[in-house]
$ cat data-v3.cif   # mmCIF, C-alpha atoms, pLDDT in the B column; chains and numbers go by the auth columns
data_structure
#
loop_
_atom_site.group_PDB
_atom_site.id
_atom_site.type_symbol
_atom_site.label_atom_id
_atom_site.label_comp_id
_atom_site.label_asym_id
_atom_site.label_seq_id
_atom_site.Cartn_x
_atom_site.Cartn_y
_atom_site.Cartn_z
_atom_site.B_iso_or_equiv
_atom_site.auth_seq_id
_atom_site.auth_asym_id
ATOM 1 C CA MET A 1 0.000 0.000 0.000 64.00 1 A
ATOM 2 C CA SER A 2 1.256 3.486 -0.867 75.00 2 A
ATOM 3 C CA ASP A 3 0.176 7.013 0.056 76.00 3 A
ATOM 4 C CA ARG A 4 -2.969 7.960 -1.846 75.00 4 A
ATOM 5 C CA HIS A 5 -3.348 11.287 -3.612 72.00 5 A
ATOM 6 C CA PHE A 6 -6.410 12.666 -5.385 72.00 6 A
ATOM 7 C CA ASP A 7 -5.335 13.677 -8.866 65.00 7 A
ATOM 8 C CA LEU A 8 -8.117 11.750 -10.581 61.00 8 A
ATOM 9 C CA LEU A 9 -10.736 12.143 -7.873 63.00 9 A
ATOM 10 C CA ALA A 10 -10.454 15.849 -7.099 59.00 10 A
ATOM 11 C CA THR A 11 -13.874 16.817 -8.453 61.00 11 A
ATOM 12 C CA ARG A 12 -15.629 13.868 -6.872 68.00 12 A
ATOM 13 C CA PHE A 13 -13.820 14.538 -3.618 67.00 13 A
ATOM 14 C CA ALA A 14 -14.985 18.149 -3.602 67.00 14 A
ATOM 15 C CA GLU A 15 -18.597 17.250 -4.302 64.00 15 A
ATOM 16 C CA LYS A 16 -18.648 14.405 -1.811 70.00 16 A
ATOM 17 C CA ILE A 17 -17.034 16.208 1.099 72.00 17 A
ATOM 18 C CA TYR A 18 -18.061 19.838 0.677 77.00 18 A
ATOM 19 C CA GLY A 19 -21.222 19.626 -1.393 76.00 19 A
ATOM 20 C CA GLY A 20 -23.668 19.233 1.478 88.00 20 A
ATOM 21 C CA ALA A 21 -24.280 19.006 5.200 93.00 21 A
ATOM 22 C CA LYS A 22 -21.319 16.707 5.853 92.00 22 A
ATOM 23 C CA GLY A 23 -18.806 19.262 4.648 93.00 23 A
ATOM 24 C CA ALA A 24 -20.593 22.135 6.375 95.00 24 A
ATOM 25 C CA ILE A 25 -20.504 20.310 9.707 96.00 25 A
ATOM 26 C CA ARG A 26 -16.863 19.423 9.265 96.00 26 A
ATOM 27 C CA LEU A 27 -15.849 23.008 8.564 96.00 27 A
ATOM 28 C CA ALA A 28 -18.016 24.351 11.396 97.00 28 A
ATOM 29 C CA VAL A 29 -16.440 22.076 14.009 98.00 29 A
ATOM 30 C CA LEU A 30 -12.876 22.641 12.831 98.00 30 A
ATOM 31 C CA GLN A 31 -13.365 26.396 12.669 98.00 31 A
ATOM 32 C CA ALA A 32 -14.979 26.524 16.113 98.00 32 A
ATOM 33 C CA ASP A 33 -12.080 24.603 17.645 98.00 33 A
ATOM 34 C CA LEU A 34 -9.453 26.762 15.932 98.00 34 A
ATOM 35 C CA SER A 35 -11.230 29.980 16.908 98.00 35 A
ATOM 36 C CA GLU A 36 -11.313 28.811 20.503 98.00 36 A
ATOM 37 C CA SER A 37 -7.658 27.734 20.692 98.00 37 A
ATOM 38 C CA LEU A 38 -5.653 30.184 18.590 98.00 38 A
ATOM 39 C CA PRO A 39 -4.611 33.648 19.810 96.00 39 A
ATOM 40 C CA ASP A 40 -6.082 36.744 18.248 94.00 40 A
ATOM 41 C CA ARG A 41 -3.017 37.824 16.265 97.00 41 A
ATOM 42 C CA PRO A 42 -1.594 37.070 12.806 98.00 42 A
ATOM 43 C CA LEU A 43 -0.007 33.625 12.690 98.00 43 A
ATOM 44 C CA ARG A 44 2.128 31.726 10.194 98.00 44 A
ATOM 45 C CA VAL A 45 0.081 28.709 9.137 98.00 45 A
ATOM 46 C CA LEU A 46 1.111 25.624 7.184 98.00 46 A
ATOM 47 C CA ASP A 47 -1.725 23.486 5.792 98.00 47 A
ATOM 48 C CA ILE A 48 -0.356 20.042 4.893 98.00 48 A
ATOM 49 C CA GLY A 49 -2.586 18.153 2.483 95.00 49 A
ATOM 50 C CA ALA A 50 -4.541 21.356 1.976 95.00 50 A
ATOM 51 C CA GLY A 51 -6.868 19.891 -0.651 91.00 51 A
ATOM 52 C CA LEU A 52 -9.110 22.526 -2.180 90.00 52 A
ATOM 53 C CA GLY A 53 -8.097 25.114 0.401 94.00 53 A
ATOM 54 C CA HIS A 54 -11.334 25.562 2.338 94.00 54 A
ATOM 55 C CA MET A 55 -9.640 25.731 5.727 96.00 55 A
ATOM 56 C CA SER A 56 -6.656 27.727 4.498 98.00 56 A
ATOM 57 C CA LEU A 57 -8.884 30.336 2.895 98.00 57 A
ATOM 58 C CA TRP A 58 -10.877 30.724 6.101 98.00 58 A
ATOM 59 C CA LEU A 59 -7.637 31.328 7.996 98.00 59 A
ATOM 60 C CA ALA A 60 -6.290 33.745 5.372 98.00 60 A
ATOM 61 C CA GLU A 61 -9.498 35.766 5.563 98.00 61 A
ATOM 62 C CA ARG A 62 -8.790 36.176 9.279 98.00 62 A
ATOM 63 C CA GLY A 63 -5.422 37.766 8.635 98.00 63 A
ATOM 64 C CA HIS A 64 -3.103 34.781 8.933 98.00 64 A
ATOM 65 C CA GLU A 65 -0.160 34.130 6.589 98.00 65 A
ATOM 66 C CA VAL A 66 -0.974 30.806 4.966 98.00 66 A
ATOM 67 C CA THR A 67 1.126 28.251 3.100 98.00 67 A
ATOM 68 C CA LEU A 68 -0.708 25.406 1.358 98.00 68 A
ATOM 69 C CA ALA A 69 1.122 22.137 0.639 98.00 69 A
ATOM 70 C CA GLU A 70 -0.745 19.605 -1.505 95.00 70 A
ATOM 71 C CA PRO A 71 0.667 16.777 -3.637 93.00 71 A
ATOM 72 C CA ALA A 72 -2.258 16.544 -6.084 91.00 72 A
ATOM 73 C CA GLY A 73 -2.060 19.107 -8.883 91.00 73 A
ATOM 74 C CA PRO A 74 -5.816 19.391 -9.569 88.00 74 A
ATOM 75 C CA MET A 75 -6.535 19.913 -5.897 89.00 75 A
ATOM 76 C CA LEU A 76 -3.891 22.608 -5.549 93.00 76 A
ATOM 77 C CA GLU A 77 -5.138 24.392 -8.670 92.00 77 A
ATOM 78 C CA GLY A 78 -8.633 24.321 -7.234 90.00 78 A
ATOM 79 C CA ALA A 79 -7.320 25.880 -4.039 93.00 79 A
ATOM 80 C CA ARG A 80 -5.405 28.519 -5.983 96.00 80 A
ATOM 81 C CA GLN A 81 -8.540 29.491 -7.904 94.00 81 A
ATOM 82 C CA ARG A 82 -10.523 29.635 -4.675 94.00 82 A
ATOM 83 C CA PHE A 83 -8.030 32.156 -3.291 98.00 83 A
ATOM 84 C CA VAL A 84 -8.110 34.207 -6.503 98.00 84 A
ATOM 85 C CA ASP A 85 -11.905 34.333 -6.431 97.00 85 A
ATOM 86 C CA ALA A 86 -11.819 35.495 -2.802 98.00 86 A
ATOM 87 C CA GLY A 87 -9.134 38.109 -3.410 98.00 87 A
ATOM 88 C CA GLN A 88 -6.741 36.449 -0.967 98.00 88 A
ATOM 89 C CA THR A 89 -3.064 35.576 -1.283 98.00 89 A
ATOM 90 C CA ALA A 90 -1.091 32.559 -0.069 98.00 90 A
ATOM 91 C CA THR A 91 1.951 30.442 -0.840 98.00 91 A
ATOM 92 C CA PHE A 92 1.186 27.266 -2.810 98.00 92 A
ATOM 93 C CA ILE A 93 3.522 24.248 -2.822 98.00 93 A
ATOM 94 C CA GLN A 94 2.869 21.079 -4.803 97.00 94 A
ATOM 95 C CA ALA A 95 4.704 18.434 -2.845 96.00 95 A
ATOM 96 C CA PRO A 96 4.089 15.400 -0.644 95.00 96 A
ATOM 97 C CA TRP A 97 4.657 15.789 3.070 96.00 97 A
ATOM 98 C CA GLN A 98 7.937 13.852 2.878 96.00 98 A
ATOM 99 C CA ALA A 99 9.505 16.646 0.813 97.00 99 A
ATOM 100 C CA LEU A 100 8.493 19.547 3.035 98.00 100 A
ATOM 101 C CA PRO A 101 11.450 19.550 5.464 97.00 101 A
ATOM 102 C CA ASP A 102 13.791 20.044 2.494 97.00 102 A
ATOM 103 C CA ILE A 103 11.598 22.690 0.848 97.00 103 A
ATOM 104 C CA LEU A 104 10.556 24.858 3.768 97.00 104 A
ATOM 105 C CA THR A 105 13.052 27.140 5.498 92.00 105 A
ATOM 106 C CA GLU A 106 10.968 28.202 8.481 95.00 106 A
ATOM 107 C CA ARG A 107 8.772 26.728 11.175 98.00 107 A
ATOM 108 C CA TYR A 108 5.142 27.675 11.646 98.00 108 A
ATOM 109 C CA ASP A 109 2.934 28.866 14.489 98.00 109 A
ATOM 110 C CA VAL A 110 0.161 26.529 13.352 98.00 110 A
ATOM 111 C CA VAL A 111 0.377 23.323 11.356 98.00 111 A
ATOM 112 C CA ILE A 112 -2.887 22.020 9.916 98.00 112 A
ATOM 113 C CA CYS A 113 -3.102 18.314 9.095 98.00 113 A
ATOM 114 C CA HIS A 114 -6.704 17.412 8.301 97.00 114 A
ATOM 115 C CA ALA A 115 -7.776 14.111 6.730 93.00 115 A
ATOM 116 C CA VAL A 116 -4.223 13.172 5.770 95.00 116 A
ATOM 117 C CA LEU A 117 -3.053 10.389 8.080 96.00 117 A
ATOM 118 C CA GLU A 118 -5.744 7.953 6.974 94.00 118 A
ATOM 119 C CA TRP A 119 -4.535 8.123 3.366 92.00 119 A
ATOM 120 C CA LEU A 120 -0.898 7.304 4.190 94.00 120 A
ATOM 121 C CA ALA A 121 0.674 3.882 3.873 90.00 121 A
ATOM 122 C CA GLU A 122 2.403 4.433 7.228 94.00 122 A
ATOM 123 C CA PRO A 123 0.341 7.098 9.026 95.00 123 A
ATOM 124 C CA PHE A 124 2.554 7.620 12.061 97.00 124 A
ATOM 125 C CA THR A 125 5.702 8.436 10.093 96.00 125 A
ATOM 126 C CA ILE A 126 4.420 11.965 9.490 97.00 126 A
ATOM 127 C CA LEU A 127 4.224 12.836 13.192 97.00 127 A
ATOM 128 C CA PRO A 128 7.903 13.790 13.709 97.00 128 A
ATOM 129 C CA VAL A 129 7.757 15.955 10.578 98.00 129 A
ATOM 130 C CA LEU A 130 4.704 17.783 11.912 98.00 130 A
ATOM 131 C CA ARG A 131 6.665 18.521 15.086 98.00 131 A
ATOM 132 C CA GLN A 132 9.765 19.563 13.137 97.00 132 A
ATOM 133 C CA LEU A 133 7.726 22.137 11.201 98.00 133 A
ATOM 134 C CA THR A 134 6.025 23.652 14.276 98.00 134 A
ATOM 135 C CA VAL A 135 7.540 26.289 16.563 98.00 135 A
ATOM 136 C CA ASP A 136 8.028 25.246 20.179 97.00 136 A
ATOM 137 C CA ASP A 137 5.033 27.226 21.423 97.00 137 A
ATOM 138 C CA GLY A 138 2.851 26.479 18.385 98.00 138 A
ATOM 139 C CA TRP A 139 -0.221 24.392 17.646 98.00 139 A
ATOM 140 C CA LEU A 140 -1.054 21.293 15.648 98.00 140 A
ATOM 141 C CA SER A 141 -4.604 20.964 14.339 98.00 141 A
ATOM 142 C CA LEU A 142 -4.974 17.231 13.653 98.00 142 A
ATOM 143 C CA ALA A 143 -8.160 15.766 12.175 98.00 143 A
ATOM 144 C CA PHE A 144 -8.374 12.099 11.233 97.00 144 A
ATOM 145 C CA TYR A 145 -10.858 9.437 10.167 96.00 145 A
ATOM 146 C CA ASN A 146 -12.043 7.606 13.257 97.00 146 A
ATOM 147 C CA ARG A 147 -11.851 3.816 13.122 96.00 147 A
ATOM 148 C CA ASP A 148 -14.226 3.518 16.082 96.00 148 A
ATOM 149 C CA ALA A 149 -16.953 5.331 14.155 96.00 149 A
ATOM 150 C CA LEU A 150 -16.445 3.097 11.129 93.00 150 A
ATOM 151 C CA ILE A 151 -16.738 -0.005 13.310 93.00 151 A
ATOM 152 C CA TYR A 152 -19.913 1.322 14.925 95.00 152 A
ATOM 153 C CA ARG A 153 -21.397 2.162 11.535 92.00 153 A
ATOM 154 C CA ASN A 154 -20.731 -1.378 10.285 91.00 154 A
ATOM 155 C CA LEU A 155 -22.269 -2.829 13.437 93.00 155 A
ATOM 156 C CA LEU A 156 -25.421 -0.784 12.887 94.00 156 A
ATOM 157 C CA LYS A 157 -25.615 -2.043 9.309 90.00 157 A
ATOM 158 C CA GLY A 158 -25.162 -5.664 10.365 93.00 158 A
ATOM 159 C CA HIS A 159 -21.936 -6.070 8.368 90.00 159 A
ATOM 160 C CA PHE A 160 -20.746 -8.797 10.702 91.00 160 A
ATOM 161 C CA LYS A 161 -18.791 -10.769 8.094 89.00 161 A
ATOM 162 C CA LYS A 162 -16.794 -7.652 7.326 84.00 162 A
ATOM 163 C CA MET A 163 -16.229 -7.146 11.039 87.00 163 A
ATOM 164 C CA ARG A 164 -14.965 -10.695 11.480 89.00 164 A
ATOM 165 C CA ARG A 165 -12.519 -10.202 8.618 86.00 165 A
ATOM 166 C CA ASN A 166 -11.429 -6.930 10.234 81.00 166 A
ATOM 167 C CA ARG A 167 -11.354 -5.177 6.863 74.00 167 A
ATOM 168 C CA MET A 168 -12.090 -1.562 7.606 67.00 168 A
ATOM 169 C CA ALA A 169 -10.270 0.040 4.678 62.00 169 A
ATOM 170 C CA GLY A 170 -12.199 1.317 1.671 55.00 170 A
ATOM 171 C CA GLU A 171 -11.958 -0.240 -1.769 54.00 171 A
ATOM 172 C CA LYS A 172 -9.444 1.104 -4.287 55.00 172 A
ATOM 173 C CA GLN A 173 -11.791 3.715 -5.793 53.00 173 A
ATOM 174 C CA SER A 174 -13.712 4.336 -2.583 57.00 174 A
ATOM 175 C CA LEU A 175 -13.570 7.563 -0.613 67.00 175 A
ATOM 176 C CA THR A 176 -13.552 5.532 2.586 74.00 176 A
ATOM 177 C CA PRO A 177 -9.948 6.020 3.743 83.00 177 A
ATOM 178 C CA GLN A 178 -7.482 3.203 3.317 73.00 178 A
ATOM 179 C CA GLU A 179 -6.158 3.402 6.898 84.00 179 A
ATOM 180 C CA PRO A 180 -8.840 4.428 9.459 92.00 180 A
ATOM 181 C CA LEU A 181 -7.093 5.301 12.707 96.00 181 A
ATOM 182 C CA ASP A 182 -7.550 3.839 16.159 97.00 182 A
ATOM 183 C CA PRO A 183 -7.612 6.907 18.460 98.00 183 A
ATOM 184 C CA ARG A 184 -5.849 5.087 21.299 98.00 184 A
ATOM 185 C CA GLU A 185 -3.026 3.962 19.048 98.00 185 A
ATOM 186 C CA LEU A 186 -2.629 7.449 17.619 98.00 186 A
ATOM 187 C CA ALA A 187 -2.618 8.987 21.112 98.00 187 A
ATOM 188 C CA ALA A 188 0.216 6.669 22.128 98.00 188 A
ATOM 189 C CA GLN A 189 2.214 7.658 19.046 98.00 189 A
ATOM 190 C CA LEU A 190 1.620 11.367 19.700 98.00 190 A
ATOM 191 C CA GLU A 191 2.638 11.247 23.347 96.00 191 A
ATOM 192 C CA PRO A 192 6.408 11.775 22.956 96.00 192 A
ATOM 193 C CA LEU A 193 5.876 14.788 20.678 97.00 193 A
ATOM 194 C CA TRP A 194 2.507 16.383 21.379 97.00 194 A
ATOM 195 C CA ARG A 195 0.116 17.095 24.219 97.00 195 A
ATOM 196 C CA VAL A 196 -3.541 16.840 23.166 98.00 196 A
ATOM 197 C CA GLU A 197 -5.360 19.826 24.679 98.00 197 A
ATOM 198 C CA THR A 198 -8.856 19.553 23.198 98.00 198 A
ATOM 199 C CA GLN A 199 -10.716 16.728 21.470 98.00 199 A
ATOM 200 C CA SER A 200 -13.846 17.141 19.368 98.00 200 A
ATOM 201 C CA GLY A 201 -15.953 14.767 17.330 98.00 201 A
ATOM 202 C CA VAL A 202 -16.857 15.798 13.785 98.00 202 A
ATOM 203 C CA ARG A 203 -20.356 14.570 12.838 98.00 203 A
ATOM 204 C CA VAL A 204 -21.076 12.846 16.115 98.00 204 A
ATOM 205 C CA PHE A 205 -24.669 12.032 15.116 97.00 205 A
ATOM 206 C CA HIS A 206 -25.421 13.221 11.591 97.00 206 A
ATOM 207 C CA ASP A 207 -24.025 10.182 9.792 94.00 207 A
ATOM 208 C CA TYR A 208 -26.048 7.823 11.976 96.00 208 A
ATOM 209 C CA MET A 209 -29.352 9.575 11.297 96.00 209 A
ATOM 210 C CA PRO A 210 -31.821 7.793 8.989 94.00 210 A
ATOM 211 C CA VAL A 211 -31.804 9.467 5.575 92.00 211 A
ATOM 212 C CA GLU A 212 -35.416 10.574 5.890 94.00 212 A
ATOM 213 C CA PHE A 213 -34.548 12.486 9.063 95.00 213 A
ATOM 214 C CA GLN A 214 -31.470 14.046 7.490 93.00 214 A
ATOM 215 C CA SER A 215 -33.621 15.438 4.683 89.00 215 A
ATOM 216 C CA LYS A 216 -36.088 17.057 7.068 94.00 216 A
ATOM 217 C CA VAL A 217 -33.761 18.885 9.415 96.00 217 A
ATOM 218 C CA GLU A 218 -32.500 22.416 8.751 96.00 218 A
ATOM 219 C CA LEU A 219 -28.759 22.861 8.275 95.00 219 A
ATOM 220 C CA ALA A 220 -28.629 25.588 10.929 97.00 220 A
ATOM 221 C CA ASP A 221 -30.132 23.193 13.452 97.00 221 A
ATOM 222 C CA LEU A 222 -27.689 20.454 12.458 97.00 222 A
ATOM 223 C CA LEU A 223 -24.735 22.779 12.949 98.00 223 A
ATOM 224 C CA GLU A 224 -26.018 23.986 16.303 98.00 224 A
ATOM 225 C CA MET A 225 -26.507 20.456 17.641 98.00 225 A
ATOM 226 C CA GLU A 226 -23.228 19.107 16.239 98.00 226 A
ATOM 227 C CA LEU A 227 -21.295 22.003 17.763 98.00 227 A
ATOM 228 C CA SER A 228 -22.987 21.694 21.130 98.00 228 A
ATOM 229 C CA HIS A 229 -22.353 17.941 21.310 98.00 229 A
ATOM 230 C CA ARG A 230 -18.897 17.763 19.739 98.00 230 A
ATOM 231 C CA ARG A 231 -17.225 17.265 23.147 98.00 231 A
ATOM 232 C CA HIS A 232 -19.983 15.359 24.912 98.00 232 A
ATOM 233 C CA PRO A 233 -18.270 12.543 26.844 97.00 233 A
ATOM 234 C CA ALA A 234 -20.615 9.890 25.445 97.00 234 A
ATOM 235 C CA PHE A 235 -20.869 11.138 21.858 97.00 235 A
ATOM 236 C CA ALA A 236 -17.569 12.791 20.907 97.00 236 A
ATOM 237 C CA GLY A 237 -15.838 9.471 20.300 97.00 237 A
ATOM 238 C CA LEU A 238 -18.504 8.529 17.737 97.00 238 A
ATOM 239 C CA GLY A 239 -17.543 11.374 15.411 98.00 239 A
ATOM 240 C CA ARG A 240 -16.791 10.231 11.879 96.00 240 A
ATOM 241 C CA TYR A 241 -13.645 12.332 12.230 97.00 241 A
ATOM 242 C CA LEU A 242 -11.892 13.385 15.414 98.00 242 A
ATOM 243 C CA HIS A 243 -10.219 16.769 15.748 98.00 243 A
ATOM 244 C CA TRP A 244 -7.419 17.201 18.260 98.00 244 A
ATOM 245 C CA MET A 245 -5.747 20.506 19.046 98.00 245 A
ATOM 246 C CA CYS A 246 -2.210 19.737 20.206 98.00 246 A
ATOM 247 C CA ARG A 247 0.726 21.624 21.691 98.00 247 A
ATOM 248 C CA PRO A 248 4.379 20.526 21.521 98.00 248 A
ATOM 249 C CA VAL A 249 5.670 18.609 24.517 94.00 249 A
#
$ encode --input "data-v3.cif" --output "structure tokens"
Amino acid sequence: MSDRHFDLLATRFAEKIYGGAKGAIRLAVLQADLSESLPDRPLRVLDIGAGLGHMSLWLAERGHEVTLAEPAGPMLEGARQRFVDAGQTATFIQAPWQALPDILTERYDVVICHAVLEWLAEPFTILPVLRQLTVDDGWLSLAFYNRDALIYRNLLKGHFKKMRRNRMAGEKQSLTPQEPLDPRELAAQLEPLWRVETQSGVRVFHDYMPVEFQSKVELADLLEMELSHRRHPAFAGLGRYLHWMCRPV
């Protein structure tokens, strides 16, 4: 298995993730957590695996100096156009994460790494690089696909044969990540480098709702309820993604 990039799936990725309530909830939770944690001053931000630039643009619009690193050309071009349309500027780098220590000459106040680890052949190998690129008093915003939520979803669907085979990865052309992460295993890997300060679930209930209920509820109500329950002790761990704000050890 190798790292997976999205050259051929960029359009589908954009529509799937950001074309509806799922993407809106994801952005709302991530933005709420960042707004809560980051100081109110201009920061140097590095967005690794920046995709189409939704998060980077939001940060740039708030006065931060943003660098986007993305290995997939179509995704990076989409991000560049998004910035042009919004009248914002940024630095754009087409490169995989492995190349960044040799390309970048500075460290950053904030490193963003959202929905990256689960697409890597060896997810934990990126963690020392994330630390290397972050200043000693900086922040890591780490969002990852939650294996616990995928297991729970399969249990609800009665996919017991799949559970017995322990095959949680998506198929080759699926947008289910190839390496869903066990939060406990990731926490153990983070411990020597990072201290997790806040933990939020992203879509703690939406994805479990029957489709007929999803279609009836207003987006504003969905966002309100997801935000208010994102750190609930019983529900946060069911988030399809988990978002951890971390500080260097």
$ closest_atom_pairs --input "data-v3.cif" --of "stretch 4-117 of chain A" --to "stretch 127-136 of chain A" --cutoff "6 Å" --atoms "all atoms listed in the file" --output "JSON lines"
{"residue": "A:Arg107", "atom": "CA", "partner": "A:Leu133", "partner_atom": "CA", "distance": 4.7}
{"residue": "A:Tyr108", "atom": "CA", "partner": "A:Thr134", "partner_atom": "CA", "distance": 4.9}
{"residue": "A:Asp109", "atom": "CA", "partner": "A:Val135", "partner_atom": "CA", "distance": 5.7}
$ atom_distance --input "data-v3.cif" --atom1 "atom CA of A:His232" --atom2 "atom CA of A:Asp33"
14.2 Å
$ resolve_selection --input "data-v3.cif" --expression "the PyMOL selection byres ((chain A and resi 223) around 9)" --output "list in words"
Ala21, Ala24, Ile25, Ala28, Val29, Glu218, Leu219, Ala220, Asp221, Leu222, Glu224, Met225, Glu226, Leu227 and Ser228 of chain A
$ write_last_selection --input "data-v3.cif" --atoms "C-alpha atoms" --output "CSV table (one decimal), keeping the file's coordinate frame"
chain,number,residue,atom,x,y,z
A,21,ALA,CA,-24.3,19.0,5.2
A,24,ALA,CA,-20.6,22.1,6.4
A,25,ILE,CA,-20.5,20.3,9.7
A,28,ALA,CA,-18.0,24.4,11.4
A,29,VAL,CA,-16.4,22.1,14.0
A,218,GLU,CA,-32.5,22.4,8.8
A,219,LEU,CA,-28.8,22.9,8.3
A,220,ALA,CA,-28.6,25.6,10.9
A,221,ASP,CA,-30.1,23.2,13.5
A,222,LEU,CA,-27.7,20.5,12.5
A,224,GLU,CA,-26.0,24.0,16.3
A,225,MET,CA,-26.5,20.5,17.6
A,226,GLU,CA,-23.2,19.1,16.2
A,227,LEU,CA,-21.3,22.0,17.8
A,228,SER,CA,-23.0,21.7,21.1
$ closest_residue --input "data-v3.cif" --among "A:His54, A:His5, A:Arg153, A:Arg167" --to "A:Tyr18" --atoms "all atoms listed in the file"
A:His54
$ resolve_selection --input "data-v3.cif" --expression "the PyMOL selection byres ((chain A and resi 56) around 10)" --output "mmCIF file with C-alpha atoms, in the frame of the given file"
data_model
loop_
_atom_site.group_PDB
_atom_site.id
_atom_site.type_symbol
_atom_site.label_atom_id
_atom_site.label_comp_id
_atom_site.auth_asym_id
_atom_site.auth_seq_id
_atom_site.Cartn_x
_atom_site.Cartn_y
_atom_site.Cartn_z
ATOM 1 C CA VAL A 45 0.081 28.709 9.137
ATOM 2 C CA LEU A 46 1.111 25.624 7.184
ATOM 3 C CA ASP A 47 -1.725 23.486 5.792
ATOM 4 C CA ILE A 48 -0.356 20.042 4.893
ATOM 5 C CA ALA A 50 -4.541 21.356 1.976
ATOM 6 C CA GLY A 51 -6.868 19.891 -0.651
ATOM 7 C CA LEU A 52 -9.110 22.526 -2.180
ATOM 8 C CA GLY A 53 -8.097 25.114 0.401
ATOM 9 C CA HIS A 54 -11.334 25.562 2.338
ATOM 10 C CA MET A 55 -9.640 25.731 5.727
ATOM 11 C CA LEU A 57 -8.884 30.336 2.895
ATOM 12 C CA TRP A 58 -10.877 30.724 6.101
ATOM 13 C CA LEU A 59 -7.637 31.328 7.996
ATOM 14 C CA ALA A 60 -6.290 33.745 5.372
ATOM 15 C CA GLU A 61 -9.498 35.766 5.563
ATOM 16 C CA ARG A 62 -8.790 36.176 9.279
ATOM 17 C CA HIS A 64 -3.103 34.781 8.933
ATOM 18 C CA GLU A 65 -0.160 34.130 6.589
ATOM 19 C CA VAL A 66 -0.974 30.806 4.966
ATOM 20 C CA THR A 67 1.126 28.251 3.100
ATOM 21 C CA LEU A 68 -0.708 25.406 1.358
ATOM 22 C CA ALA A 79 -7.320 25.880 -4.039
ATOM 23 C CA PHE A 83 -8.030 32.156 -3.291
ATOM 24 C CA ALA A 90 -1.091 32.559 -0.069
ATOM 25 C CA ILE A 112 -2.887 22.020 9.916
#
$ closest_residue --input "data-v3.cif" --among "A:Ala234, A:Leu120, A:Ala188, A:Ala149" --to "A:His206" --atoms "only C-alpha atoms"
A:Ala149
$ decode --input "data-v3.cif" --residues "stretch 63-110 of chain A" --atoms "C-alpha atoms" --output "compact mmCIF listing (two decimals), in the first residue's frame"
# COMPACT_ATOMS: atom_id res chain seq x y z
CA GLY A 63 -5.42 37.77 8.64
CA HIS A 64 -3.10 34.78 8.93
CA GLU A 65 -0.16 34.13 6.59
CA VAL A 66 -0.97 30.81 4.97
CA THR A 67 1.13 28.25 3.10
CA LEU A 68 -0.71 25.41 1.36
CA ALA A 69 1.12 22.14 0.64
CA GLU A 70 -0.75 19.60 -1.51
CA PRO A 71 0.67 16.78 -3.64
CA ALA A 72 -2.26 16.54 -6.08
CA GLY A 73 -2.06 19.11 -8.88
CA PRO A 74 -5.82 19.39 -9.57
CA MET A 75 -6.54 19.91 -5.90
CA LEU A 76 -3.89 22.61 -5.55
CA GLU A 77 -5.14 24.39 -8.67
CA GLY A 78 -8.63 24.32 -7.23
CA ALA A 79 -7.32 25.88 -4.04
CA ARG A 80 -5.41 28.52 -5.98
CA GLN A 81 -8.54 29.49 -7.90
CA ARG A 82 -10.52 29.64 -4.68
CA PHE A 83 -8.03 32.16 -3.29
CA VAL A 84 -8.11 34.21 -6.50
CA ASP A 85 -11.91 34.33 -6.43
CA ALA A 86 -11.82 35.50 -2.80
CA GLY A 87 -9.13 38.11 -3.41
CA GLN A 88 -6.74 36.45 -0.97
CA THR A 89 -3.06 35.58 -1.28
CA ALA A 90 -1.09 32.56 -0.07
CA THR A 91 1.95 30.44 -0.84
CA PHE A 92 1.19 27.27 -2.81
CA ILE A 93 3.52 24.25 -2.82
CA GLN A 94 2.87 21.08 -4.80
CA ALA A 95 4.70 18.43 -2.85
CA PRO A 96 4.09 15.40 -0.64
CA TRP A 97 4.66 15.79 3.07
CA GLN A 98 7.94 13.85 2.88
CA ALA A 99 9.51 16.65 0.81
CA LEU A 100 8.49 19.55 3.03
CA PRO A 101 11.45 19.55 5.46
CA ASP A 102 13.79 20.04 2.49
CA ILE A 103 11.60 22.69 0.85
CA LEU A 104 10.56 24.86 3.77
CA THR A 105 13.05 27.14 5.50
CA GLU A 106 10.97 28.20 8.48
CA ARG A 107 8.77 26.73 11.18
CA TYR A 108 5.14 27.68 11.65
CA ASP A 109 2.93 28.87 14.49
CA VAL A 110 0.16 26.53 13.35
